[in-house]
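J.: Next comes the structure file input28.txt, holding compact mmCIF, C-alpha atoms.
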```
# COMPACT_ATOMS: atom_id res chain seq x y z
CA MET A 9 0.00 0.00 0.00
CA GLU A 10 1.53 3.33 -1.13
CA THR A 11 -0.45 5.44 1.32
CA TYR A 12 -3.10 4.91 3.95
CA TYR A 13 -5.16 7.83 2.64
CA LYS A 14 -6.36 8.12 -0.97
CA PRO A 15 -8.66 11.02 -2.01
CA GLU A 16 -10.86 8.71 -4.10
CA ASP A 17 -11.63 6.65 -0.99
CA LEU A 18 -13.74 9.55 0.28
CA LEU A 19 -16.35 8.58 -2.31
CA LYS A 20 -16.54 5.13 -0.69
CA PHE A 21 -17.82 6.53 2.61
CA GLY A 22 -21.22 4.97 1.97
CA GLU A 23 -19.65 1.53 1.60
CA ALA A 24 -18.56 1.65 5.22
CA GLY A 25 -22.05 0.50 6.20
CA GLU A 26 -22.37 -2.47 3.89
CA GLU A 27 -22.06 -5.13 6.59
CA ALA A 28 -24.44 -3.35 8.94
CA PRO A 29 -26.92 -1.51 6.69
CA ASP A 30 -29.53 -0.75 9.35
CA LEU A 31 -27.01 0.90 11.61
CA ALA A 32 -25.47 2.73 8.65
CA ALA A 33 -28.86 4.03 7.57
CA LYS A 34 -29.47 5.37 11.07
CA PHE A 35 -26.05 7.00 11.10
CA PHE A 36 -26.39 8.63 7.67
CA ASP A 37 -29.93 9.87 8.38
CA TYR A 38 -28.65 11.46 11.56
CA TYR A 39 -25.58 12.81 9.78
CA ASN A 40 -27.67 14.49 7.08
CA ALA A 41 -30.09 15.90 9.65
CA VAL A 42 -27.23 17.40 11.64
CA PHE A 43 -25.98 19.38 8.64
CA ALA A 44 -29.40 20.69 7.56
CA GLU A 45 -30.20 24.31 8.39
CA GLY A 46 -31.61 24.74 11.89
CA GLU A 47 -30.79 27.42 14.42
CA LEU A 48 -27.38 27.47 12.72
CA THR A 49 -27.06 27.93 8.97
CA GLU A 50 -25.56 25.23 6.77
CA ARG A 51 -22.60 27.54 6.19
CA GLU A 52 -21.94 27.92 9.92
CA LYS A 53 -22.22 24.16 10.45
CA SER A 54 -19.69 23.53 7.69
CA LEU A 55 -17.23 25.91 9.33
CA ILE A 56 -17.66 24.07 12.66
CA ALA A 57 -17.18 20.75 10.86
CA LEU A 58 -14.02 22.06 9.21
CA ALA A 59 -12.63 23.06 12.58
CA VAL A 60 -13.50 19.69 14.12
CA ALA A 61 -12.00 17.90 11.10
CA HIS A 62 -8.71 19.61 11.88
CA THR A 63 -9.04 18.72 15.53
CA VAL A 64 -9.52 15.02 14.79
CA GLN A 65 -7.01 15.37 11.93
CA CYS A 66 -9.11 13.40 9.45
CA PRO A 67 -7.87 14.01 5.86
CA TYR A 68 -11.19 12.85 4.39
CA CYS A 69 -13.14 15.26 6.58
CA ILE A 70 -10.73 18.12 5.82
CA ASP A 71 -11.15 17.51 2.07
CA ALA A 72 -14.94 17.19 2.29
CA PHE A 73 -15.53 20.18 4.55
CA THR A 74 -13.08 22.48 2.79
CA GLN A 75 -15.16 21.93 -0.33
CA SER A 76 -18.37 22.21 1.64
CA CYS A 77 -17.29 25.53 3.20
CA LEU A 78 -16.46 26.95 -0.25
CA GLU A 79 -19.76 25.71 -1.65
CA LYS A 80 -21.67 27.28 1.24
CA GLY A 81 -20.08 30.65 0.50
CA SER A 82 -17.23 30.82 3.01
CA ASN A 83 -13.89 32.26 2.04
CA LEU A 84 -10.32 31.38 2.87
CA ALA A 85 -10.02 34.09 5.54
CA GLU A 86 -13.05 32.73 7.43
CA MET A 87 -11.83 29.17 7.10
CA THR A 88 -8.38 30.17 8.34
CA GLU A 89 -9.92 31.86 11.38
CA ALA A 90 -11.85 28.66 12.11
CA ILE A 91 -8.54 26.74 12.15
CA HIS A 92 -7.08 29.32 14.53
CA VAL A 93 -9.98 28.59 16.87
CA VAL A 94 -8.89 24.94 16.81
CA LYS A 95 -5.33 25.93 17.50
CA ALA A 96 -6.33 28.19 20.38
CA ILE A 97 -8.46 25.50 22.01
CA ARG A 98 -5.87 22.75 21.50
CA GLY A 99 -3.06 24.98 22.74
CA GLY A 100 -5.21 26.30 25.56
CA ALA A 101 -6.17 22.77 26.57
CA SER A 102 -2.48 21.90 26.93
CA LEU A 103 -1.69 25.05 28.81
CA VAL A 104 -4.61 24.76 31.21
CA HIS A 105 -3.40 21.29 32.20
CA GLY A 106 -0.39 23.11 33.55
CA VAL A 107 -2.64 23.80 36.52
CA GLN A 108 -2.52 20.08 37.33
CA MET A 109 1.25 20.17 36.97
CA ARG A 110 1.39 23.12 39.34
CA ASN A 111 -0.98 21.46 41.83
CA ILE A 112 1.12 18.28 41.88
CA THR A 113 4.34 20.21 42.10
CA GLU A 114 2.93 22.26 44.96
CA LYS A 115 1.84 19.12 46.79
CA LEU A 116 5.22 17.42 46.38
CA SER A 117 7.41 20.37 47.04
CA MET A 118 8.52 21.92 50.30
CA MET B 21 -19.88 5.48 -22.03
CA ILE B 22 -17.96 7.89 -24.26
CA THR B 23 -14.95 10.00 -23.61
CA VAL B 24 -14.70 13.74 -23.38
CA SER B 25 -11.55 15.65 -24.01
CA SER B 26 -9.96 17.86 -21.43
CA LYS B 27 -9.13 20.39 -24.16
CA THR B 28 -11.15 23.56 -24.58
CA GLU B 29 -14.21 23.35 -26.81
CA THR B 30 -13.19 20.19 -28.55
CA PRO B 31 -15.70 17.52 -29.19
CA GLU B 32 -15.93 14.37 -27.36
CA PHE B 33 -12.96 12.26 -28.28
CA SER B 34 -9.35 12.76 -27.41
CA LYS B 35 -6.72 10.34 -26.26
CA ARG B 36 -4.83 12.97 -24.31
CA GLY B 37 -6.30 13.69 -20.91
CA ALA B 38 -9.46 11.78 -21.75
CA MET B 39 -11.97 10.82 -19.08
CA ALA B 40 -15.06 8.66 -19.20
CA ILE B 41 -18.34 10.37 -18.52
CA GLU B 42 -21.95 9.49 -19.14
CA PRO B 43 -23.39 11.70 -21.90
CA PHE B 44 -25.99 14.20 -20.67
CA ARG B 45 -28.52 12.94 -23.19
CA LEU B 46 -28.19 9.39 -21.83
CA THR B 47 -28.61 10.63 -18.26
CA LEU B 48 -31.86 12.35 -19.29
CA PHE B 49 -33.01 9.15 -20.98
CA LYS B 50 -32.24 7.02 -17.91
CA HIS B 51 -34.41 9.33 -15.82
CA GLY B 52 -37.22 9.18 -18.38
CA LEU B 53 -36.75 12.87 -19.19
CA GLN B 54 -36.96 14.78 -22.46
CA LEU B 55 -35.56 18.28 -22.74
CA VAL B 56 -37.84 20.21 -25.09
CA ARG B 57 -39.00 23.79 -25.34
CA ASP B 58 -41.84 25.30 -23.36
CA LYS B 59 -43.21 28.71 -24.42
CA THR B 60 -40.18 30.87 -25.30
CA THR B 61 -40.52 34.12 -23.39
CA THR B 62 -36.96 35.49 -23.33
CA LEU B 63 -34.74 36.73 -26.12
CA GLN B 64 -31.12 36.76 -25.01
CA ILE B 65 -28.75 38.79 -27.16
CA ASN B 66 -25.02 38.20 -27.02
CA ALA B 67 -23.51 41.46 -28.25
CA GLY B 68 -20.04 39.92 -28.61
CA TYR B 69 -16.92 38.86 -26.80
CA LEU B 70 -15.22 42.22 -26.35
CA CYS B 71 -14.61 42.86 -22.65
CA ASP B 72 -12.31 45.03 -20.58
CA ARG B 73 -11.62 42.07 -18.27
CA THR B 74 -10.28 38.54 -18.70
CA CYS B 75 -12.16 36.70 -15.94
CA ARG B 76 -10.92 33.20 -15.29
CA HIS B 77 -14.39 31.66 -15.23
CA CYS B 78 -15.54 33.13 -18.58
CA HIS B 79 -17.03 30.48 -20.86
CA PHE B 80 -16.31 32.67 -23.92
CA SER B 81 -12.73 33.61 -23.08
CA ALA B 82 -13.93 37.19 -23.59
CA GLY B 83 -11.37 39.98 -23.37
CA PRO B 84 -9.96 43.21 -24.76
CA GLY B 85 -8.60 41.58 -27.91
CA ARG B 86 -11.80 39.91 -29.12
CA LYS B 87 -13.13 41.07 -32.48
CA GLU B 88 -16.39 39.08 -32.59
CA ASN B 89 -18.93 41.83 -31.96
CA MET B 90 -22.43 42.56 -33.24
CA ASP B 91 -22.58 45.02 -36.14
CA MET B 92 -25.39 47.47 -36.85
CA ASP B 93 -27.03 45.29 -39.53
CA THR B 94 -27.26 42.33 -37.15
CA ALA B 95 -28.57 44.60 -34.38
CA GLU B 96 -31.32 45.68 -36.79
CA TYR B 97 -32.18 42.05 -37.60
CA VAL B 98 -32.41 41.32 -33.88
CA ILE B 99 -34.72 44.28 -33.23
CA GLU B 100 -36.96 43.22 -36.14
CA TYR B 101 -37.07 39.67 -34.79
CA ALA B 102 -38.09 40.93 -31.34
CA ARG B 103 -40.85 42.95 -33.02
CA ARG B 104 -42.16 39.85 -34.84
CA ALA B 105 -41.86 37.37 -31.99
CA HIS B 106 -43.27 39.32 -28.97
CA PHE B 107 -40.92 38.27 -26.19
CA GLU B 108 -41.65 39.21 -22.58
CA ILE B 109 -38.01 39.66 -21.57
CA ILE B 110 -34.96 40.93 -23.42
CA ASP B 111 -31.60 39.99 -21.89
CA ILE B 112 -28.46 41.63 -23.31
CA THR B 113 -25.17 39.96 -22.49
CA GLY B 114 -21.58 39.58 -23.76
CA GLY B 115 -18.57 40.00 -23.25
CA ALA B 116 -19.23 43.40 -21.84
CA PRO B 117 -22.27 44.77 -23.66
CA GLY B 118 -21.47 48.20 -22.21
CA LEU B 119 -18.60 48.37 -24.72
CA ASP B 120 -20.84 47.65 -27.71
CA PRO B 121 -21.08 50.78 -29.91
CA ASN B 122 -24.61 49.72 -30.95
CA LEU B 123 -25.89 49.30 -27.40
CA VAL B 124 -27.83 52.58 -27.30
CA HIS B 125 -29.53 51.68 -30.58
CA LEU B 126 -30.33 48.18 -29.30
CA ILE B 127 -31.84 49.42 -26.03
CA GLU B 128 -33.89 52.17 -27.66
CA GLY B 129 -35.10 49.79 -30.37
CA LEU B 130 -35.91 46.90 -28.04
CA ARG B 131 -37.34 48.68 -25.00
CA PRO B 132 -40.86 49.21 -26.41
CA LEU B 133 -41.03 45.56 -27.50
CA ALA B 134 -40.86 43.75 -24.14
CA SER B 135 -42.12 44.31 -20.63
CA LYS B 136 -38.63 43.75 -19.15
CA ILE B 137 -35.20 44.50 -20.50
CA MET B 138 -32.03 43.57 -18.66
CA ILE B 139 -28.34 44.03 -19.23
CA ARG B 140 -25.47 41.98 -17.81
CA SER B 141 -22.71 44.17 -16.46
CA ASN B 142 -19.22 43.43 -15.21
CA LEU B 143 -19.48 46.76 -13.28
CA SER B 144 -15.97 47.79 -14.30
CA VAL B 145 -17.27 49.25 -17.59
CA LEU B 146 -19.66 51.42 -15.58
CA ASN B 147 -16.83 52.57 -13.30
CA ASN B 148 -15.49 54.72 -16.11
CA GLY B 149 -16.89 58.27 -15.72
CA GLN B 150 -17.35 58.43 -19.50
CA ASN B 151 -20.09 55.85 -19.14
CA ASP B 152 -22.35 57.93 -16.89
CA GLN B 153 -24.48 58.58 -19.98
CA LEU B 154 -24.93 54.85 -20.30
CA ILE B 155 -26.18 54.61 -16.72
CA SER B 156 -28.60 57.50 -17.43
CA LEU B 157 -29.86 55.59 -20.46
CA PHE B 158 -30.41 52.47 -18.32
CA LYS B 159 -32.31 54.55 -15.78
CA LYS B 160 -34.44 56.29 -18.41
CA HIS B 161 -35.53 52.94 -19.87
CA GLN B 162 -35.72 51.13 -16.52
CA VAL B 163 -33.16 48.61 -17.71
CA ILE B 164 -32.59 45.92 -15.08
CA ILE B 165 -28.88 45.70 -14.27
CA VAL B 166 -27.55 42.21 -13.58
CA ALA B 167 -24.07 42.70 -12.17
CA SER B 168 -21.23 40.25 -11.62
CA PHE B 169 -20.32 40.10 -7.94
CA PRO B 170 -18.92 36.66 -7.18
CA SER B 171 -17.99 36.96 -3.54
CA LEU B 172 -18.12 39.20 -0.48
CA ASN B 173 -14.43 38.54 -0.09
CA GLU B 174 -11.97 40.74 -1.98
CA ALA B 175 -9.31 38.04 -2.46
CA GLN B 176 -11.81 35.52 -3.82
CA THR B 177 -13.37 38.07 -6.14
CA GLU B 178 -10.06 39.24 -7.52
CA SER B 179 -8.76 35.69 -7.99
CA GLN B 180 -11.59 35.25 -10.47
CA ARG B 181 -12.00 38.71 -12.01
CA GLY B 182 -8.64 40.43 -11.68
CA ARG B 183 -6.86 42.87 -9.43
CA GLY B 184 -8.68 46.02 -8.36
CA ILE B 185 -12.14 44.85 -9.43
CA PHE B 186 -13.58 44.48 -5.92
CA GLY B 187 -13.17 48.15 -4.99
CA LYS B 188 -14.39 49.28 -8.41
CA SER B 189 -17.46 47.08 -8.11
CA ILE B 190 -18.36 48.48 -4.67
CA SER B 191 -17.88 52.00 -5.99
CA VAL B 192 -20.23 51.40 -8.96
CA LEU B 193 -22.82 49.67 -6.79
CA LYS B 194 -22.85 52.72 -4.48
CA LYS B 195 -23.25 55.00 -7.49
CA LEU B 196 -26.16 52.91 -8.79
CA ASN B 197 -27.77 53.03 -5.35
CA ARG B 198 -27.46 56.83 -5.30
CA LEU B 199 -29.30 56.95 -8.63
CA GLY B 200 -32.12 54.84 -7.20
CA TYR B 201 -31.05 51.39 -8.39
CA GLY B 202 -31.50 48.51 -5.96
CA HIS B 203 -34.11 50.17 -3.75
CA GLU B 204 -37.48 48.45 -3.36
CA GLY B 205 -40.25 50.31 -5.19
CA SER B 206 -37.92 52.49 -7.26
CA GLY B 207 -38.63 50.57 -10.45
CA LEU B 208 -34.85 50.34 -10.94
CA GLU B 209 -33.84 46.75 -10.35
CA LEU B 210 -30.26 45.84 -9.49
CA ASN B 211 -29.47 42.15 -9.26
CA LEU B 212 -26.18 40.49 -8.47
CA VAL B 213 -24.69 37.31 -9.90
CA SER B 214 -22.34 35.21 -7.82
CA ASN B 215 -20.27 32.47 -9.43
CA PRO B 216 -18.02 30.16 -7.40
CA THR B 217 -14.43 31.34 -7.40
CA GLY B 218 -12.99 27.92 -8.19
CA ALA B 219 -13.76 24.29 -8.97
CA PHE B 220 -16.72 23.96 -6.65
CA LEU B 221 -20.48 24.31 -6.86
CA PRO B 222 -22.51 27.40 -5.92
CA SER B 223 -24.05 27.82 -2.48
CA SER B 224 -27.75 27.82 -1.67
CA GLN B 225 -29.27 30.91 -3.26
CA ILE B 226 -31.61 31.75 -0.39
CA GLU B 227 -28.95 31.60 2.29
CA ALA B 228 -26.37 33.41 0.16
CA GLU B 229 -28.81 36.19 -0.79
CA LYS B 230 -29.60 36.80 2.89
CA ARG B 231 -25.90 36.99 3.72
CA PHE B 232 -25.02 39.24 0.77
CA HIS B 233 -27.81 41.66 1.78
CA GLN B 234 -26.57 41.73 5.36
CA ILE B 235 -22.83 42.10 4.68
CA LEU B 236 -23.08 44.53 1.75
CA ASP B 237 -25.34 46.78 3.81
CA GLN B 238 -23.25 46.54 7.01
CA LYS B 239 -19.83 47.01 5.44
CA TRP B 240 -20.49 49.29 2.47
CA GLY B 241 -24.09 50.52 2.73
CA VAL B 242 -24.95 48.82 -0.58
CA THR B 243 -28.44 47.54 -1.37
CA PHE B 244 -29.66 45.35 -4.21
CA ASN B 245 -32.77 43.41 -5.16
CA HIS B 246 -31.85 39.78 -5.83
CA LEU B 247 -28.82 37.53 -5.89
CA TYR B 248 -28.45 34.72 -8.42
CA ASN B 249 -25.96 31.95 -7.73
CA PHE B 250 -24.78 30.36 -10.95
CA GLY B 251 -22.38 27.47 -11.42
CA ASN B 252 -19.38 27.85 -13.71
CA VAL B 253 -19.71 26.04 -17.02
CA PRO B 254 -16.62 24.02 -18.03
CA LEU B 255 -16.04 25.82 -21.33
CA GLY B 256 -13.69 28.54 -22.56
CA ARG B 257 -11.24 30.09 -20.14
CA PHE B 258 -12.78 28.30 -17.14
CA ARG B 259 -12.16 24.93 -18.78
CA GLN B 260 -8.58 25.96 -19.54
CA TRP B 261 -8.11 26.80 -15.89
CA LEU B 262 -9.67 23.46 -14.80
CA VAL B 263 -7.24 21.60 -17.05
CA LYS B 264 -4.22 23.63 -15.98
CA SER B 265 -5.04 23.25 -12.29
CA ASN B 266 -5.77 19.52 -12.70
CA ASN B 267 -9.34 20.03 -11.48
CA LEU B 268 -11.30 19.11 -14.61
CA GLU B 269 -12.01 15.47 -13.85
CA ARG B 270 -13.09 16.05 -10.28
CA TYR B 271 -15.23 19.05 -11.26
CA ILE B 272 -17.05 17.11 -13.97
CA GLU B 273 -17.59 14.21 -11.57
CA LYS B 274 -19.03 16.64 -9.06
CA LEU B 275 -21.43 18.09 -11.66
CA ILE B 276 -22.57 14.63 -12.71
CA SER B 277 -23.03 13.38 -9.16
CA SER B 278 -25.10 16.49 -8.39
CA PHE B 279 -27.47 15.90 -11.33
CA ASN B 280 -30.98 16.76 -10.17
CA PRO B 281 -33.76 15.40 -12.41
CA CYS B 282 -36.20 17.83 -10.79
CA ALA B 283 -34.13 20.79 -12.05
CA VAL B 284 -34.63 19.86 -15.71
CA GLU B 285 -38.18 21.19 -15.97
CA GLY B 286 -37.10 24.67 -14.88
CA LEU B 287 -33.99 25.02 -17.06
CA MET B 288 -33.67 28.39 -18.78
CA CYS B 289 -33.14 26.85 -22.22
CA ARG B 290 -36.80 25.77 -22.20
CA THR B 291 -38.01 29.36 -22.28
CA LEU B 292 -35.11 31.30 -23.81
CA VAL B 293 -33.56 31.71 -27.22
CA SER B 294 -30.10 33.19 -27.55
CA VAL B 295 -28.78 35.20 -30.52
CA SER B 296 -25.05 35.28 -31.08
CA TRP B 297 -23.07 38.38 -32.10
CA ASN B 298 -23.33 37.32 -35.76
CA GLY B 299 -27.07 36.70 -35.66
CA TYR B 300 -27.39 32.93 -35.33
CA LEU B 301 -29.76 31.27 -32.88
CA TYR B 302 -28.84 28.96 -30.01
CA ASP B 303 -30.69 27.35 -27.12
CA CYS B 304 -28.54 29.18 -24.58
CA ASP B 305 -25.42 31.30 -24.18
CA PHE B 306 -23.31 28.26 -23.28
CA ASN B 307 -24.29 26.56 -26.52
CA ILE B 308 -22.96 29.63 -28.36
CA ALA B 309 -19.61 29.02 -26.66
CA ARG B 310 -19.82 25.34 -27.56
CA GLY B 311 -20.97 26.01 -31.16
CA LEU B 312 -24.26 24.07 -30.85
CA PHE B 313 -26.97 25.72 -32.92
CA MET B 314 -30.60 25.91 -31.74
CA GLY B 315 -32.13 22.44 -32.07
CA GLY B 316 -29.02 21.40 -34.03
CA GLN B 317 -29.97 23.61 -37.03
CA LYS B 318 -28.00 26.65 -38.19
CA THR B 319 -30.63 29.40 -38.37
CA HIS B 320 -30.13 33.14 -38.83
CA VAL B 321 -32.34 35.49 -36.85
CA SER B 322 -33.54 37.15 -40.07
CA LYS B 323 -35.14 33.84 -41.14
CA MET B 324 -37.23 33.40 -37.98
CA THR B 325 -40.90 34.33 -38.20
CA GLY B 326 -41.65 33.88 -34.51
CA PRO B 327 -40.32 32.32 -31.31
CA PRO B 328 -39.13 28.69 -31.48
CA SER B 329 -42.14 26.43 -31.19
CA ARG B 330 -43.20 24.70 -28.00
CA GLY B 331 -42.05 21.06 -27.96
CA SER B 332 -39.10 21.64 -30.29
CA SER B 333 -35.83 19.96 -29.41
CA ILE B 334 -32.96 21.56 -27.48
CA ALA B 335 -29.32 20.88 -28.37
CA VAL B 336 -27.46 19.38 -25.40
CA ALA B 337 -23.89 18.38 -24.58
CA ASP B 338 -22.00 17.46 -21.45
CA HIS B 339 -21.66 21.04 -20.22
CA CYS B 340 -25.44 20.89 -19.63
CA TYR B 341 -24.73 19.03 -16.38
CA THR B 342 -23.82 22.43 -14.92
CA CYS B 343 -27.33 23.79 -15.27
CA ALA B 344 -28.98 20.57 -14.11
CA SER B 345 -26.90 20.17 -10.97
CA GLY B 346 -28.17 20.96 -7.51
CA SER B 347 -31.11 23.32 -7.55
CA GLY B 348 -30.54 24.15 -11.22
CA PHE B 349 -29.68 27.17 -13.32
CA THR B 350 -32.59 29.30 -14.36
```
Once more with this new file: its structure as structure tokens, please.

T.:
Amino acid sequence: METYYKPEDLLKFGEAGEEAPDLAAKFFDYYNAVFAEGELTEREKSLIALAVAHTVQCPYCIDAFTQSCLEKGSNLAEMTEAIHVVKAIRGGASLVHGVQMRNITEKLSM
Amino acid sequence: MITVSSKTETPEFSKRGAMAIEPFRLTLFKHGLQLVRDKTTTLQINAGYLCDRTCRHCHFSAGPGRKENMDMDTAEYVIEYARRAHFEIIDITGGAPGLDPNLVHLIEGLRPLASKIMIRSNLSVLNNGQNDQLISLFKKHQVIIVASFPSLNEAQTESQRGRGIFGKSISVLKKLNRLGYGHEGSGLELNLVSNPTGAFLPSSQIEAEKRFHQILDQKWGVTFNHLYNFGNVPLGRFRQWLVKSNNLERYIEKLISSFNPCAVEGLMCRTLVSVSWNGYLYDCDFNIARGLFMGGQKTHVSKMTGPPSRGSSIAVADHCYTCASGSGFT
């Protein structure tokens, strides 16, 4: 295998449910419902999905939701800001755990 | 299955860069659909390919060097045809019809013949102070202005339409607003057209229109009536860009996978006839670019006694997937 990730495999997403069609149908119905316009617009939901795709570092999701964001009318500046939100939260999550480090250090130290 | 070439405006077979796609006609057949004319209500006039811009999505590859432009004799034939055929809407496009020396004659000749007359504008032609007279003419005849405005984002807009166009467009839109265009009840309609700025499909028209209204008003105090979101047709300069950027195959696949049988009934080619700069008739502007005559027959406008008849056939090719994808192209 040359690579674990091939762009054309994204189109096979639906095949992932072949051995358990009832469960897959439930999942895809839910999936489609999630991305339909509700209190949030479809464009806003795609931007959230793009950010989450970067958080979970899924190449398929990044490909799909980059296209989706463009097709919903977002631009590169907005999409870049969404990625900075990811970076801030991931970086912040690391930094805030420093509190635990400080608590433990405080407990162990004279 | 047949093959379609990745070269610009070449017919279906080419060994180099060839890809397999299902012909549009076969897709219609598989869905039990026939694409035939309804009542033809719109006469679209392509004044020619001269343009002051070289937009990367242009299906004509229009630009400053193009010589294919409507002469006065053809303009006369077109006006006479409109008089005989009683269209409801006249739609003047290009190129940049604002650069057509016969435009004033066309508008004055056509205005009494239809209840609506509209002109496609790239806005940059109207940015030139010398064209204020043209805007006054549009206002006098209540010509609907349909302006290119692909994106609310400057970088995206200029990647498609060239450097400096975003600021010019905003400036012209403000000028048109000052003259009354784009305000409800003024009788001066200003509509915007947004095309994707790359190899992707257009967004939902309703959501995009809401957002364009909000952002244009908030940031620049600009108002308009309606927004139309149109897909880019893989012909001309846009096709060249798709090939060069290695996006053609994926873009065509996307168009085909987005085929919507429900969109076929509302396609513009069912109610529109398009006249090219040299006076020949086509089922749409894209078929002019592709060289597909109306119903497959080469017919000059001077030979037409009335609108094309209801039920007559429409020439199709694989670029037609663009109009039949998603919610359609009307």

J.: Measure the distance from atom CA of B:Arg103 to atom CA of B:Gly129 in Å and round it to one decimal.

T.: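 Separation of atom CA of B:Arg103 and atom CA of B:Gly129: 9.3 Å.
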
J.: Excluding same-chain residues fewer than 3 positions from B:Thr62, what lies within 8 Å of it counting all atoms listed in the file, as an mmCIF file with C-alpha atoms, in the frame of the given file?

T.:
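Okay, selection-v3.cif is ready:
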```
data_model
loop_
_atom_site.group_PDB
_atom_site.id
_atom_site.type_symbol
_atom_site.label_atom_id
_atom_site.label_comp_id
_atom_site.auth_asym_id
_atom_site.auth_seq_id
_atom_site.Cartn_x
_atom_site.Cartn_y
_atom_site.Cartn_z
ATOM 1 C CA PHE B 107 -40.920 38.270 -26.190
ATOM 2 C CA GLU B 108 -41.650 39.210 -22.580
ATOM 3 C CA ILE B 109 -38.010 39.660 -21.570
ATOM 4 C CA ILE B 110 -34.960 40.930 -23.420
ATOM 5 C CA ASP B 111 -31.600 39.990 -21.890
ATOM 6 C CA THR B 291 -38.010 29.360 -22.280
ATOM 7 C CA LEU B 292 -35.110 31.300 -23.810
ATOM 8 C CA VAL B 293 -33.560 31.710 -27.220
#
```

J.: With all atoms listed in the file as the basis for distance, which of B:Gln180, B:Asn266, B:Ser171, B:Asn298 is at the shortest distance from chain A?

T.: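 Counting all atoms listed in the file, the residue closest to chain A is B:Ser171.
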
J.: In Å to one decimal, how far is atom CA of B:Ala116 from atom CA of B:Met90?

T.: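 Pair atom CA of B:Met90 / atom CA of B:Ala116 returns 11.9 Å.
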
J.: Select residues of chain A: the criterion is any atom within 12 Å of an atom of chain B, counting all atoms listed in the file; output as number ranges by chain.

T.: A: 15-16, 19, 44-45, 48-52, 54, 72-86

J.: Would you compute the distance between atom CA of A:His92 and atom CA of A:Val104? Give it in Å to one decimal.

T.: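 Value for the atom CA of A:His92-atom CA of A:Val104 distance: 17.5 Å.
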
J.: Which one is closest to A:Arg98: A:His62, A:Lys34, A:Lys14, A:Lys53? Count all atoms listed in the file.

T.: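 Smallest distance to A:Arg98 is found for A:His62.
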
J.: Using the file's own x, y and z axes, what box holds all listed atoms of stretch 152-169 of chain B with 3 Å on each side, keeping edges along x, y and z, and what are its centre and edge lengths in Å to one decimal, as AutoDock Vina command-line options?

T.:
```
--center_x -28.0 --center_y 49.3 --center_z -14.2 --size_x 21.4 --size_y 24.5 --size_z 18.5
```

J.: Which polymer residues have any atom within 9 Å of an atom of stretch 133-139 of chain B, counting all atoms listed in the file, with same-chain residues fewer than 6 positions away left out, as a list in words?

T.: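 Once the adjacent positions are removed, what remains is Ile99, Ala102, Arg103, His106, Phe107, Glu108, Ile109, Ile110, Asp111, Ile112, Thr113, Pro117, Gly118, Ile127, Phe158, His161, Gln162, Val163, Ile164, Ile165, Val166 and Ala167 of chain B.
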
J.: Residues as selected, C-alpha atoms, written as a short mmCIF file (atom, residue, chain, number, x, y, z; two decimals), keeping the file's coordinate frame, can you do that?

T.:
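Result written to selection-v3.cif:
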```cif
data_model
loop_
_atom_site.label_atom_id
_atom_site.label_comp_id
_atom_site.auth_asym_id
_atom_site.auth_seq_id
_atom_site.Cartn_x
_atom_site.Cartn_y
_atom_site.Cartn_z
CA ILE B 99 -34.72 44.28 -33.23
CA ALA B 102 -38.09 40.93 -31.34
CA ARG B 103 -40.85 42.95 -33.02
CA HIS B 106 -43.27 39.32 -28.97
CA PHE B 107 -40.92 38.27 -26.19
CA GLU B 108 -41.65 39.21 -22.58
CA ILE B 109 -38.01 39.66 -21.57
CA ILE B 110 -34.96 40.93 -23.42
CA ASP B 111 -31.60 39.99 -21.89
CA ILE B 112 -28.46 41.63 -23.31
CA THR B 113 -25.17 39.96 -22.49
CA PRO B 117 -22.27 44.77 -23.66
CA GLY B 118 -21.47 48.20 -22.21
CA ILE B 127 -31.84 49.42 -26.03
CA PHE B 158 -30.41 52.47 -18.32
CA HIS B 161 -35.53 52.94 -19.87
CA GLN B 162 -35.72 51.13 -16.52
CA VAL B 163 -33.16 48.61 -17.71
CA ILE B 164 -32.59 45.92 -15.08
CA ILE B 165 -28.88 45.70 -14.27
CA VAL B 166 -27.55 42.21 -13.58
CA ALA B 167 -24.07 42.70 -12.17
#
```

J.: I need every residue sitting at most 8 Å from the point (-36.7, 45.6, -4.2) (coordinates as in the file, only C-alpha atoms considered), written as an MDAnalysis selection string.

T.: chainID B and resid 202:206 209 244:246

J.: Quick one: of A:Ala90, A:Ala33, A:Leu103, A:Leu116, who's nearest to A:Ala57, counting all atoms listed in the file?

T.: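 Among the listed residues, the smallest separation from A:Ala57 belongs to A:Ala90.
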
J.: Residues within 8 Å of A:Pro67, please, as a VMD selection string. Count all atoms listed in the file; anything in the same chain fewer than 4 positions from it doesn't count.

T.: chain A and resid 13 61 71

J.: For a quick check of understanding, using only C-alpha atoms, which of B:Ser156, B:Gly83, B:Asn147, B:Phe44 has the smallest distance to B:Thr342?

T.: B:Phe44

J.: Find the residues with any atom within 8 Å of (-9.2, 31.6, -21.0); use all atoms listed in the file and the coordinates as given in the file, and write the answer as a list in words.

T.: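 Counting all atoms listed in the file, I find these residues within 8 Å of (-9.2, 31.6, -21.0): Thr74, Cys75, Arg76, His77, Cys78, His79, Phe80, Ser81, Ala82, Gly256, Arg257, Phe258, Arg259, Gln260 and Trp261 of chain B.
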
J.: For stretch 187-189 of chain B, find every residue with an atom within 7 Å (counting all atoms listed in the file), except residues of its own chain fewer than 2 positions away, and show them as a ChimeraX atom specification.

T.: /B:143-144,147,184-185,191-193
